[in-house]
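**Q** Next comes upload.cif, mmCIF, C-alpha atoms:
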data_coords
#
loop_
_atom_site.label_atom_id
_atom_site.label_comp_id
_atom_site.auth_asym_id
_atom_site.auth_seq_id
_atom_site.Cartn_x
_atom_site.Cartn_y
_atom_site.Cartn_z
CA MET W 1 -82.20 -110.77 1.12
CA ALA W 2 -81.32 -113.26 3.87
CA ALA W 3 -77.69 -113.84 4.66
CA GLY W 4 -76.44 -116.31 2.13
CA GLY W 5 -79.74 -116.10 0.25
CA THR W 6 -80.22 -116.41 -3.47
CA ALA W 7 -81.56 -113.78 -5.81
CA ALA W 8 -84.98 -115.34 -5.37
CA GLY W 9 -84.76 -114.81 -1.63
CA ARG W 10 -84.44 -118.46 -0.61
CA PRO W 11 -81.97 -118.93 2.22
CA GLU W 12 -78.98 -120.99 1.22
CA VAL W 13 -75.87 -122.15 3.04
CA ARG W 14 -72.92 -121.41 0.77
CA ILE W 15 -70.14 -121.83 3.28
CA ASP W 16 -68.49 -124.95 4.69
CA ARG W 17 -65.56 -125.91 6.88
CA SER W 18 -63.08 -124.95 4.16
CA ASP W 19 -64.12 -121.32 4.71
CA VAL W 20 -62.72 -121.17 8.24
CA GLY W 21 -60.57 -118.06 8.40
CA ARG W 22 -62.65 -116.06 5.94
CA ARG W 23 -65.10 -113.21 6.55
CA VAL W 24 -68.67 -114.50 6.36
CA SER W 25 -72.27 -113.57 6.91
CA ALA W 26 -74.22 -116.26 8.76
CA ARG W 27 -77.87 -116.54 9.76
CA ARG W 28 -78.98 -118.93 12.49
CA LEU W 29 -82.24 -119.98 14.11
CA ALA W 30 -81.94 -118.31 17.53
CA GLU W 31 -85.27 -119.32 19.12
CA VAL W 32 -88.95 -120.00 18.48
CA VAL W 33 -91.45 -117.51 19.93
CA ASP W 34 -95.18 -118.23 19.65
CA ASP W 35 -94.44 -120.92 17.08
CA ARG W 36 -92.57 -118.41 14.95
CA PRO W 37 -88.84 -118.78 14.25
CA VAL W 38 -86.55 -115.91 15.26
CA PHE W 39 -83.35 -115.57 13.25
CA ARG W 40 -80.11 -113.78 14.11
CA ASP W 41 -77.39 -112.63 11.71
CA VAL W 42 -73.68 -112.23 12.40
CA ILE W 43 -70.94 -110.91 10.13
CA GLY W 44 -67.30 -111.54 10.97
CA VAL W 45 -64.43 -113.98 10.69
CA LEU W 46 -65.38 -117.66 10.78
CA THR W 47 -62.77 -118.74 13.31
CA SER W 48 -63.83 -122.37 13.73
CA TRP W 49 -66.24 -125.01 12.48
CA ASP W 50 -66.14 -128.49 13.94
CA ASP W 51 -68.48 -131.05 15.44
CA ASP W 52 -69.21 -128.66 18.32
CA GLY W 53 -70.49 -125.97 15.97
CA LEU W 54 -69.44 -122.69 14.33
CA THR W 55 -67.78 -119.64 15.84
CA VAL W 56 -67.86 -116.24 14.18
CA ALA W 57 -65.84 -113.26 15.51
CA PRO W 58 -67.87 -110.12 14.72
CA ARG W 59 -66.65 -106.55 14.46
CA GLY W 60 -67.09 -105.96 18.18
CA GLY W 61 -68.13 -107.93 21.21
CA ALA W 62 -67.72 -111.58 22.04
CA PRO W 63 -67.47 -114.37 19.45
CA VAL W 64 -70.77 -115.98 18.50
CA THR W 65 -70.91 -119.78 18.70
CA PHE W 66 -73.84 -121.94 17.62
CA PRO W 67 -74.54 -125.55 16.51
CA GLU W 68 -74.28 -126.39 12.84
CA ASN W 69 -77.89 -127.61 12.74
CA VAL W 70 -79.27 -124.09 13.39
CA LEU W 71 -77.35 -122.53 10.49
CA VAL W 72 -79.94 -121.62 7.86
CA ALA W 73 -77.94 -119.36 5.55
CA GLY W 74 -74.35 -118.30 5.04
CA LYS W 75 -71.95 -116.88 2.50
CA THR W 76 -68.50 -115.36 2.31
CA VAL W 77 -68.47 -111.55 2.15
CA PRO W 78 -65.88 -108.96 1.06
CA LEU W 79 -63.28 -107.57 3.39
CA PHE W 80 -64.34 -104.70 5.62
CA PRO W 81 -63.91 -101.42 3.70
CA ALA W 82 -61.31 -99.51 5.74
CA ARG W 83 -62.30 -95.85 5.92
CA ARG W 84 -59.92 -93.05 5.03
CA ALA W 85 -58.64 -91.35 8.16
CA PRO W 86 -55.50 -89.49 9.23
CA LEU W 87 -52.93 -91.34 11.27
CA PRO W 88 -53.59 -91.21 15.02
CA GLY W 89 -51.71 -88.38 16.71
CA THR W 90 -49.50 -90.64 18.81
CA GLY W 91 -45.92 -89.66 19.67
CA PRO W 92 -42.90 -92.00 19.67
CA VAL W 93 -42.98 -92.70 23.42
CA GLU W 94 -46.63 -93.73 23.50
CA LEU W 95 -46.26 -95.75 20.29
CA GLN W 96 -43.37 -97.64 21.86
CA ARG W 97 -45.54 -98.41 24.88
CA ILE W 98 -48.33 -99.62 22.59
CA ALA W 99 -45.80 -101.81 20.79
CA ALA W 100 -44.72 -103.33 24.11
CA ARG W 101 -48.33 -104.27 24.88
CA GLY W 102 -48.53 -105.99 21.52
CA TRP W 103 -45.40 -108.06 22.19
CA PRO W 104 -45.67 -108.66 25.94
CA ALA W 105 -42.69 -110.29 27.59
CA VAL W 106 -43.17 -113.39 29.72
CA GLU W 107 -41.63 -111.61 32.71
CA GLN W 108 -41.73 -107.85 33.30
CA GLN W 109 -40.54 -105.65 36.13
CA ARG W 110 -40.76 -101.87 36.50
CA LEU W 111 -37.77 -99.73 37.37
CA GLY W 112 -39.18 -96.21 37.58
CA GLY W 113 -40.25 -95.37 34.03
CA TRP W 114 -38.27 -98.29 32.60
CA THR W 115 -39.58 -101.81 32.03
CA LEU W 116 -37.27 -104.82 32.35
CA ARG W 117 -38.42 -107.67 30.11
CA ALA W 118 -37.38 -111.32 29.84
CA SER W 119 -38.71 -114.18 27.70
CA ALA W 120 -36.12 -117.01 27.72
CA GLY W 121 -34.16 -115.21 25.02
CA PHE W 122 -37.00 -115.19 22.46
CA THR W 123 -36.42 -111.99 20.45
CA ARG W 124 -34.47 -108.98 21.61
CA ARG W 125 -37.64 -106.94 22.00
CA ALA W 126 -38.99 -109.29 24.67
CA ASN W 127 -35.61 -109.54 26.41
CA SER W 128 -34.55 -105.94 26.82
CA VAL W 129 -35.15 -102.88 28.95
CA GLN W 130 -37.65 -100.47 27.46
CA ALA W 131 -35.83 -97.36 28.65
CA LEU W 132 -38.42 -94.60 28.47
CA GLY W 133 -38.22 -91.75 30.96
CA ASP W 134 -36.50 -91.77 34.35
CA PRO W 135 -35.51 -95.07 36.06
CA GLY W 136 -35.97 -93.45 39.49
CA LEU W 137 -32.34 -94.14 40.43
CA PRO W 138 -29.01 -92.51 39.62
CA LEU W 139 -27.92 -93.86 36.24
CA PRO W 140 -24.94 -95.96 37.46
CA GLN W 141 -27.15 -97.62 40.08
CA ALA W 142 -29.91 -98.21 37.51
CA LEU W 143 -27.45 -99.85 35.10
CA GLU W 144 -26.12 -102.11 37.83
CA THR W 145 -29.68 -103.10 38.82
CA VAL W 146 -30.41 -103.98 35.19
CA ARG W 147 -27.19 -105.96 34.84
CA LYS W 148 -27.92 -108.08 37.92
CA TRP W 149 -31.56 -108.66 36.89
CA TYR W 150 -30.52 -110.15 33.56
CA GLU W 151 -27.57 -112.07 35.01
CA GLU W 152 -29.99 -113.83 37.36
CA ARG W 153 -31.88 -115.03 34.27
CA GLY W 154 -28.82 -116.03 32.29
CA LEU W 155 -29.45 -113.32 29.70
CA PRO W 156 -27.40 -110.43 28.34
CA ALA W 157 -28.53 -106.95 29.37
CA TRP W 158 -29.98 -105.23 26.30
CA PHE W 159 -31.56 -101.78 26.25
CA GLU W 160 -34.21 -100.53 23.85
CA VAL W 161 -33.16 -96.89 23.40
CA THR W 162 -35.78 -94.74 21.65
CA THR W 163 -35.07 -91.49 19.79
CA PRO W 164 -36.75 -89.38 20.99
CA GLY W 165 -37.87 -90.83 24.33
CA SER W 166 -34.94 -92.35 26.21
CA PRO W 167 -32.75 -90.25 28.56
CA ASP W 168 -29.86 -88.52 26.79
CA ASP W 169 -27.44 -89.48 29.54
CA LEU W 170 -28.29 -93.17 29.01
CA THR W 171 -27.18 -93.04 25.39
CA ALA W 172 -24.01 -91.18 26.35
CA GLU W 173 -23.18 -93.69 29.08
CA LEU W 174 -23.79 -96.69 26.83
CA ASP W 175 -21.53 -95.09 24.24
CA ARG W 176 -18.84 -94.60 26.88
CA LEU W 177 -19.10 -98.25 27.90
CA GLY W 178 -18.73 -99.35 24.29
CA ALA W 179 -22.15 -100.96 23.98
CA ALA W 180 -23.00 -102.83 20.77
CA TYR W 181 -25.81 -101.35 18.69
CA SER W 182 -28.57 -102.65 16.43
CA PRO W 183 -30.75 -99.90 14.81
CA THR W 184 -34.46 -100.38 14.08
CA LEU W 185 -37.00 -98.22 12.25
CA VAL W 186 -40.60 -97.74 13.41
CA ARG W 187 -42.75 -97.18 10.33
CA THR W 188 -46.40 -96.15 10.11
CA ALA W 189 -49.11 -96.13 7.42
CA SER W 190 -52.82 -95.56 6.99
CA LEU W 191 -54.79 -98.80 7.26
CA ALA W 192 -57.09 -97.69 4.43
CA ALA W 193 -54.13 -97.11 2.12
CA LEU W 194 -52.59 -100.41 3.19
CA ALA W 195 -55.77 -102.35 2.49
CA ARG W 196 -56.05 -100.77 -0.97
CA ALA W 197 -52.39 -101.31 -1.82
CA GLY W 198 -52.64 -104.91 -0.70
CA ARG W 199 -55.52 -105.64 -3.05
CA GLY W 200 -53.35 -104.52 -5.96
CA ARG W 201 -54.36 -103.80 -9.52
CA PRO W 202 -56.68 -106.29 -11.26
CA GLY W 203 -54.54 -109.14 -12.55
CA ALA W 204 -51.63 -108.35 -10.22
CA PRO W 205 -50.45 -111.22 -7.95
CA ALA W 206 -51.75 -109.62 -4.75
CA ALA W 207 -55.17 -109.03 -6.33
CA GLU W 208 -55.76 -112.77 -6.38
CA ALA W 209 -53.64 -113.82 -3.41
CA TRP W 210 -55.73 -111.99 -0.78
CA ARG W 211 -58.67 -114.30 -1.52
CA ARG W 212 -56.55 -117.19 -0.25
CA VAL W 213 -55.64 -115.62 3.09
CA ARG W 214 -57.15 -117.18 6.20
CA LEU W 215 -57.37 -115.62 9.67
CA SER W 216 -57.15 -117.28 13.07
CA ARG W 217 -56.97 -116.31 16.71
CA THR W 218 -54.19 -118.83 17.35
CA ALA W 219 -50.88 -119.80 15.78
CA GLY W 220 -51.26 -123.51 15.09
CA PRO W 221 -48.48 -126.00 14.28
CA ASP W 222 -48.66 -125.21 10.56
CA TRP W 223 -48.28 -121.47 11.17
CA MET W 224 -45.42 -122.05 13.59
CA SER W 225 -43.64 -124.32 11.09
CA LEU W 226 -42.89 -121.29 8.90
CA TYR W 227 -41.98 -118.93 11.73
CA ARG W 228 -38.18 -118.75 11.56
CA ARG W 229 -37.56 -117.33 15.06
CA VAL W 230 -38.43 -120.59 16.84
CA THR W 231 -35.26 -122.56 17.56
CA GLY W 232 -36.54 -125.91 18.82
CA ASP W 233 -35.53 -125.26 22.42
CA PRO W 234 -38.62 -126.14 24.54
CA ALA W 235 -38.19 -123.14 26.86
CA VAL W 236 -37.84 -120.75 23.94
CA GLU W 237 -40.82 -122.32 22.14
CA ALA W 238 -42.99 -121.94 25.24
CA ALA W 239 -41.95 -118.31 25.60
CA ALA W 240 -42.56 -117.71 21.90
CA ARG W 241 -46.12 -118.99 22.09
CA GLN W 242 -46.88 -116.84 25.13
CA VAL W 243 -45.46 -113.70 23.54
CA LEU W 244 -47.06 -114.32 20.14
CA HIS W 245 -50.52 -114.82 21.64
CA GLY W 246 -50.23 -111.86 24.01
CA GLY W 247 -51.78 -108.49 23.29
CA PRO W 248 -55.19 -106.80 23.27
CA SER W 249 -56.59 -108.35 20.06
CA VAL W 250 -54.30 -110.75 18.22
CA TRP W 251 -54.86 -112.17 14.74
CA PHE W 252 -52.75 -114.61 12.75
CA ALA W 253 -52.93 -114.92 8.98
CA ASP W 254 -51.68 -117.53 6.57
CA VAL W 255 -51.94 -118.54 2.93
CA PRO W 256 -52.47 -122.32 2.85
CA GLY W 257 -50.32 -124.36 0.51
CA PRO W 258 -50.50 -127.97 -0.67
CA GLY W 259 -50.88 -130.39 2.23
CA GLY W 260 -51.75 -127.62 4.66
CA THR W 261 -48.24 -126.21 5.00
CA PRO W 262 -48.57 -122.43 4.71
CA LEU W 263 -46.88 -120.50 1.92
CA ALA W 264 -46.91 -117.30 3.97
CA ILE W 265 -47.76 -116.16 7.50
CA GLY W 266 -48.28 -112.89 9.37
CA ARG W 267 -49.46 -111.49 12.68
CA CYS W 268 -51.39 -108.39 13.71
CA VAL W 269 -52.20 -106.93 17.14
CA ILE W 270 -54.98 -104.34 17.38
CA ASP W 271 -54.78 -101.87 20.25
CA GLY W 272 -57.25 -98.98 19.98
CA ASP W 273 -56.37 -96.75 17.02
CA TRP W 274 -53.28 -98.77 16.12
CA ALA W 275 -52.54 -102.13 14.56
CA CYS W 276 -49.08 -103.69 14.72
CA PHE W 277 -47.91 -105.91 11.85
CA GLY W 278 -45.16 -108.47 12.31
CA ALA W 279 -43.97 -112.06 11.91
CA VAL W 280 -44.46 -111.78 8.14
CA GLU W 281 -42.75 -114.76 6.52
CA VAL W 282 -42.98 -116.21 3.00
CA ALA W 283 -41.64 -119.64 2.02
CA PRO W 284 -38.63 -119.19 -0.31
CA HIS W 285 -40.29 -120.95 -3.24
CA ALA W 286 -43.43 -118.78 -2.92
CA ARG W 287 -41.82 -115.34 -2.93
CA ARG W 288 -42.59 -112.55 -5.42
CA ALA W 289 -46.20 -113.72 -5.75
CA GLY W 290 -47.78 -110.93 -3.71
CA LEU W 291 -48.44 -113.11 -0.66
CA ALA W 292 -46.91 -110.80 1.98
CA THR W 293 -48.79 -107.84 0.54
CA ALA W 294 -52.05 -109.79 0.49
CA LEU W 295 -51.60 -110.95 4.09
CA MET W 296 -51.11 -107.41 5.29
CA ALA W 297 -54.13 -106.17 3.34
CA VAL W 298 -56.43 -108.74 4.96
CA LEU W 299 -55.02 -108.06 8.43
CA ALA W 300 -55.42 -104.31 7.82
CA ALA W 301 -59.07 -104.80 6.87
CA ARG W 302 -59.69 -106.81 10.05
CA ALA W 303 -57.95 -104.17 12.17
CA ALA W 304 -60.09 -101.47 10.55
CA GLU W 305 -63.18 -103.53 11.31
CA GLU W 306 -62.20 -103.35 15.00
CA GLY W 307 -61.80 -99.57 14.82
CA ALA W 308 -58.10 -99.02 14.14
CA THR W 309 -57.03 -96.42 11.58
CA GLY W 310 -53.21 -96.58 11.68
CA GLY W 311 -50.73 -99.39 11.24
CA TYR W 312 -47.14 -99.66 12.38
CA LEU W 313 -44.29 -102.12 12.18
CA GLN W 314 -40.69 -102.40 13.29
CA VAL W 315 -37.97 -103.31 10.81
CA GLU W 316 -34.22 -103.56 11.21
CA ALA W 317 -32.45 -100.74 9.41
CA GLU W 318 -30.28 -103.12 7.36
CA ASN W 319 -33.24 -105.19 6.09
CA SER W 320 -33.39 -103.47 2.70
CA GLY W 321 -35.73 -106.05 1.16
CA ALA W 322 -38.41 -105.55 3.80
CA ILE W 323 -38.00 -101.78 3.72
CA THR W 324 -38.56 -101.77 -0.04
CA LEU W 325 -41.75 -103.82 0.42
CA TYR W 326 -43.06 -101.49 3.11
CA ASP W 327 -42.18 -98.41 1.06
CA GLY W 328 -44.46 -99.75 -1.66
CA LEU W 329 -47.28 -100.17 0.84
CA GLY W 330 -47.10 -96.55 1.99
CA PHE W 331 -45.12 -96.90 5.21
CA THR W 332 -42.93 -94.00 6.30
CA THR W 333 -40.54 -93.75 9.24
CA SER W 334 -42.03 -92.33 12.45
CA HIS W 335 -38.97 -92.65 14.67
CA THR W 336 -36.09 -94.96 15.41
CA TYR W 337 -34.79 -97.01 18.28
CA HIS W 338 -31.74 -99.12 18.75
CA TYR W 339 -30.69 -101.97 20.97
CA ALA W 340 -27.59 -101.43 23.04
CA ARG W 341 -26.01 -104.25 25.02
CA LEU W 342 -24.18 -103.65 28.24
CA PRO W 343 -20.68 -105.11 27.94
CA GLN W 344 -20.17 -108.26 29.96
CA ARG W 345 -17.92 -107.97 32.99
#
Let me see the file written as structure tokens.

**A**
Amino acid sequence: MAAGGTAAGRPEVRIDRSDVGRRVSARRLAEVVDDRPVFRDVIGVLTSWDDDGLTVAPRGGAPVTFPENVLVAGKTVPLFPARRAPLPGTGPVELQRIAARGWPAVEQQRLGGWTLRASAGFTRRANSVQALGDPGLPLPQALETVRKWYEERGLPAWFEVTTPGSPDDLTAELDRLGAAYSPTLVRTASLAALARAGRGRPGAPAAEAWRRVRLSRTAGPDWMSLYRRVTGDPAVEAAARQVLHGGPSVWFADVPGPGGTPLAIGRCVIDGDWACFGAVEVAPHARRAGLATALMAVLAARAAEEGATGGYLQVEAENSGAITLYDGLGFTTSHTYHYARLPQR
């Protein structure tokens, strides 16, 4: 049967611009050879449809763009069936490095094995030292170098201290200096299990909500309107957009509400075997309807379509509500890290 065809085999276009953000199968007239039409099919996320044509992001390779007038058949298709697979055998240090690639700071500078990061104060993760391994300097000199680097940028000097992974003497020295701490859990789960859990039981809220999720390669104004970490400061907003859109393969998800304002949003970055989930927000009046679970299921299916098998996220240890949600989706704790701030002089 042709893509989007009927049971009788007649090609039919059963998608329109309202399906942007959904997974589709589309057939287009690619060329005419010896007076015979040659058709091409593409399956993937319909990322745009405007007067310039349609763009579909397939499982691999570059997006496919073509004019609307060559579309001969199209339909929405189910989410990619994530295959069962064990979690990738990645240790805490490498997973932290993967996480840094998925949330790349605006400014980065190496100090031996450490990475100094600054992003106009947008999130602690993008404005802290990822202290993995040896800084290449005696510890007191390394701490002073870090302090000056952040002072020059008008930022406090925060460290991301990973257990295991960061030098033991760093933790001891920060303790001696009386550094303030903020603990975070790194949690992992199978993408296949996450996709199944997100679909939910028939009749459950998430079982219907995932059909409403839309995917995009960019965080538009509507998506950003629900993202609570943006303060309104132009410099912070610019940094936020750069960080949010950085990473190997970034996807944004939302559940549209009345008037276009989203009821829920989320973000996923795919990097090889791993997919990072974050920026999951639900409007207060739309909570307890399975929207966060549905968002993560759709993002998990897309990540699996690009070859990932494991998912991870970072959650503050005191965020009991989020931890309960992630427990229900099969996430378990891989390791921990904490942020420690050098005392101001």

**Q** Pick out the residues sitting within 9 Å of Phe252 in chain W, and hand them over as a ChimeraX atom specification; count all atoms listed in the file, and ignore anything fewer than 6 positions along from it in its own chain.

**A** /W:214-219,223,265-269,299

**Q** Just the selected residues (C-alpha atoms), exported as a PDB file, keeping the file's coordinate frame, please.

**A**
ATOM      1  CA  ARG W 214     -57.150-117.180   6.200  1.00  0.00           C
ATOM      2  CA  LEU W 215     -57.370-115.620   9.670  1.00  0.00           C
ATOM      3  CA  SER W 216     -57.150-117.280  13.070  1.00  0.00           C
ATOM      4  CA  ARG W 217     -56.970-116.310  16.710  1.00  0.00           C
ATOM      5  CA  THR W 218     -54.190-118.830  17.350  1.00  0.00           C
ATOM      6  CA  ALA W 219     -50.880-119.800  15.780  1.00  0.00           C
ATOM      7  CA  TRP W 223     -48.280-121.470  11.170  1.00  0.00           C
ATOM      8  CA  ILE W 265     -47.760-116.160   7.500  1.00  0.00           C
ATOM      9  CA  GLY W 266     -48.280-112.890   9.370  1.00  0.00           C
ATOM     10  CA  ARG W 267     -49.460-111.490  12.680  1.00  0.00           C
ATOM     11  CA  CYS W 268     -51.390-108.390  13.710  1.00  0.00           C
ATOM     12  CA  VAL W 269     -52.200-106.930  17.140  1.00  0.00           C
ATOM     13  CA  LEU W 299     -55.020-108.060   8.430  1.00  0.00           C
TER      14      LEU W 299
END

**Q** Nearest residue to Pro37 in chain W out of W:Val20, W:Val70, W:Val161, W:Ala131, using only C-alpha atoms?

**A**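 Looking only at the distances to Pro37 in chain W, the closest residue turns out to be W:Val70.
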
**Q** Given the file shown, enumerate the residues that the PyMOL selection byres ((chain W and resi 246) around 8) captures and present them as JSON, numbers by chain.

**A** {"W": [101, 102, 103, 104, 242, 243, 244, 245, 247, 248, 250]}

**Q** Select all residues near (-70.8, -123.9, 16.7) (cut-off 9 Å, inclusive, file coordinates), counting only C-alpha atoms, and output them as a list in words.

**A**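 Output: Ser48, Trp49, Asp50, Asp51, Asp52, Gly53, Leu54, Thr55, Val56, Val64, Thr65, Phe66, Pro67, Glu68 and Asn69 of chain W.
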
**Q** I need the output of the PyMOL selection byres ((chain W and resi 134) around 9) for this file as an MDAnalysis selection string; which residues are they?

**A** chainID W and resid 111:114 131:133 135:137 166:167

**Q** Any chance you can output those residues with C-alpha atoms as a PDB file, keeping the file's coordinate frame?

**A**
ATOM      1  CA  LEU W 111     -37.770 -99.730  37.370  1.00  0.00           C
ATOM      2  CA  GLY W 112     -39.180 -96.210  37.580  1.00  0.00           C
ATOM      3  CA  GLY W 113     -40.250 -95.370  34.030  1.00  0.00           C
ATOM      4  CA  TRP W 114     -38.270 -98.290  32.600  1.00  0.00           C
ATOM      5  CA  ALA W 131     -35.830 -97.360  28.650  1.00  0.00           C
ATOM      6  CA  LEU W 132     -38.420 -94.600  28.470  1.00  0.00           C
ATOM      7  CA  GLY W 133     -38.220 -91.750  30.960  1.00  0.00           C
ATOM      8  CA  PRO W 135     -35.510 -95.070  36.060  1.00  0.00           C
ATOM      9  CA  GLY W 136     -35.970 -93.450  39.490  1.00  0.00           C
ATOM     10  CA  LEU W 137     -32.340 -94.140  40.430  1.00  0.00           C
ATOM     11  CA  SER W 166     -34.940 -92.350  26.210  1.00  0.00           C
ATOM     12  CA  PRO W 167     -32.750 -90.250  28.560  1.00  0.00           C
TER      13      PRO W 167
END

**Q** Near Thr333 in chain W, counting all atoms listed in the file, which residues have an atom at most 12 Å away, once you skip same-chain residues fewer than 5 positions from it, shown as a list in words?

**A**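 Residues near the query, excluding close chain neighbours: Pro92, Thr184, Leu185, Val186, Arg187, Thr188, Ala189, Gly311, Tyr312, Leu313, Gln314, Val315, Glu316, Ala317, Ile323, Tyr326 and Asp327 of chain W.
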
**Q** Expressed in Å to a single decimal, how great is the separation between CA of Thr115 in chain W and CA of Gln130 in chain W?

**A**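 Rounded to one decimal, the two atoms are 5.1 Å apart.
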
**Q** Any idea what the distance is between CA of Ala172 in chain W and CA of Ala120 in chain W?

**A**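 Pair CA of Ala172 in chain W / CA of Ala120 in chain W returns 28.6 Å.
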
**Q** Give the padded box for range 290-300 of chain W as JSON: axis-aligned, covering all atoms listed in the file, 4 Å on each side, centre and edge lengths in Å to one decimal.

**A**
{"center_x": -51.7, "center_y": -108.7, "center_z": 2.4, "size_x": 17.5, "size_y": 16.8, "size_z": 20.1}

**Q** Considering only C-alpha atoms, state which residue in the set W:Leu263, W:Met224, W:Val42, W:Ala179 is at the smallest distance from Leu291 in chain W.

**A** W:Leu263

**Q** Ranking W:Arg59, W:Pro78, W:Gly310, W:Gly328 by minimum distance to Val24 in chain W and counting all atoms listed in the file, which one comes first?

**A**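 Of W:Arg59, W:Pro78, W:Gly310, W:Gly328, the one nearest Val24 in chain W, counting all atoms listed in the file, is W:Pro78.
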
**Q** Step by step: start from the point (-37.4, -102.5, 24.4) in the file's coordinates, keep every protein, DNA or RNA residue that has an atom no farther than 8 Å from it, count all atoms listed in the file, and write the set as a count of residues only.

**A** 15

**Q** In terms of the shortest atom-to-atom distance over only C-alpha atoms, which of W:Ala197, W:Tyr150, W:Ser119, W:Leu139 is closest to Leu174 in chain W?

**A** W:Leu139
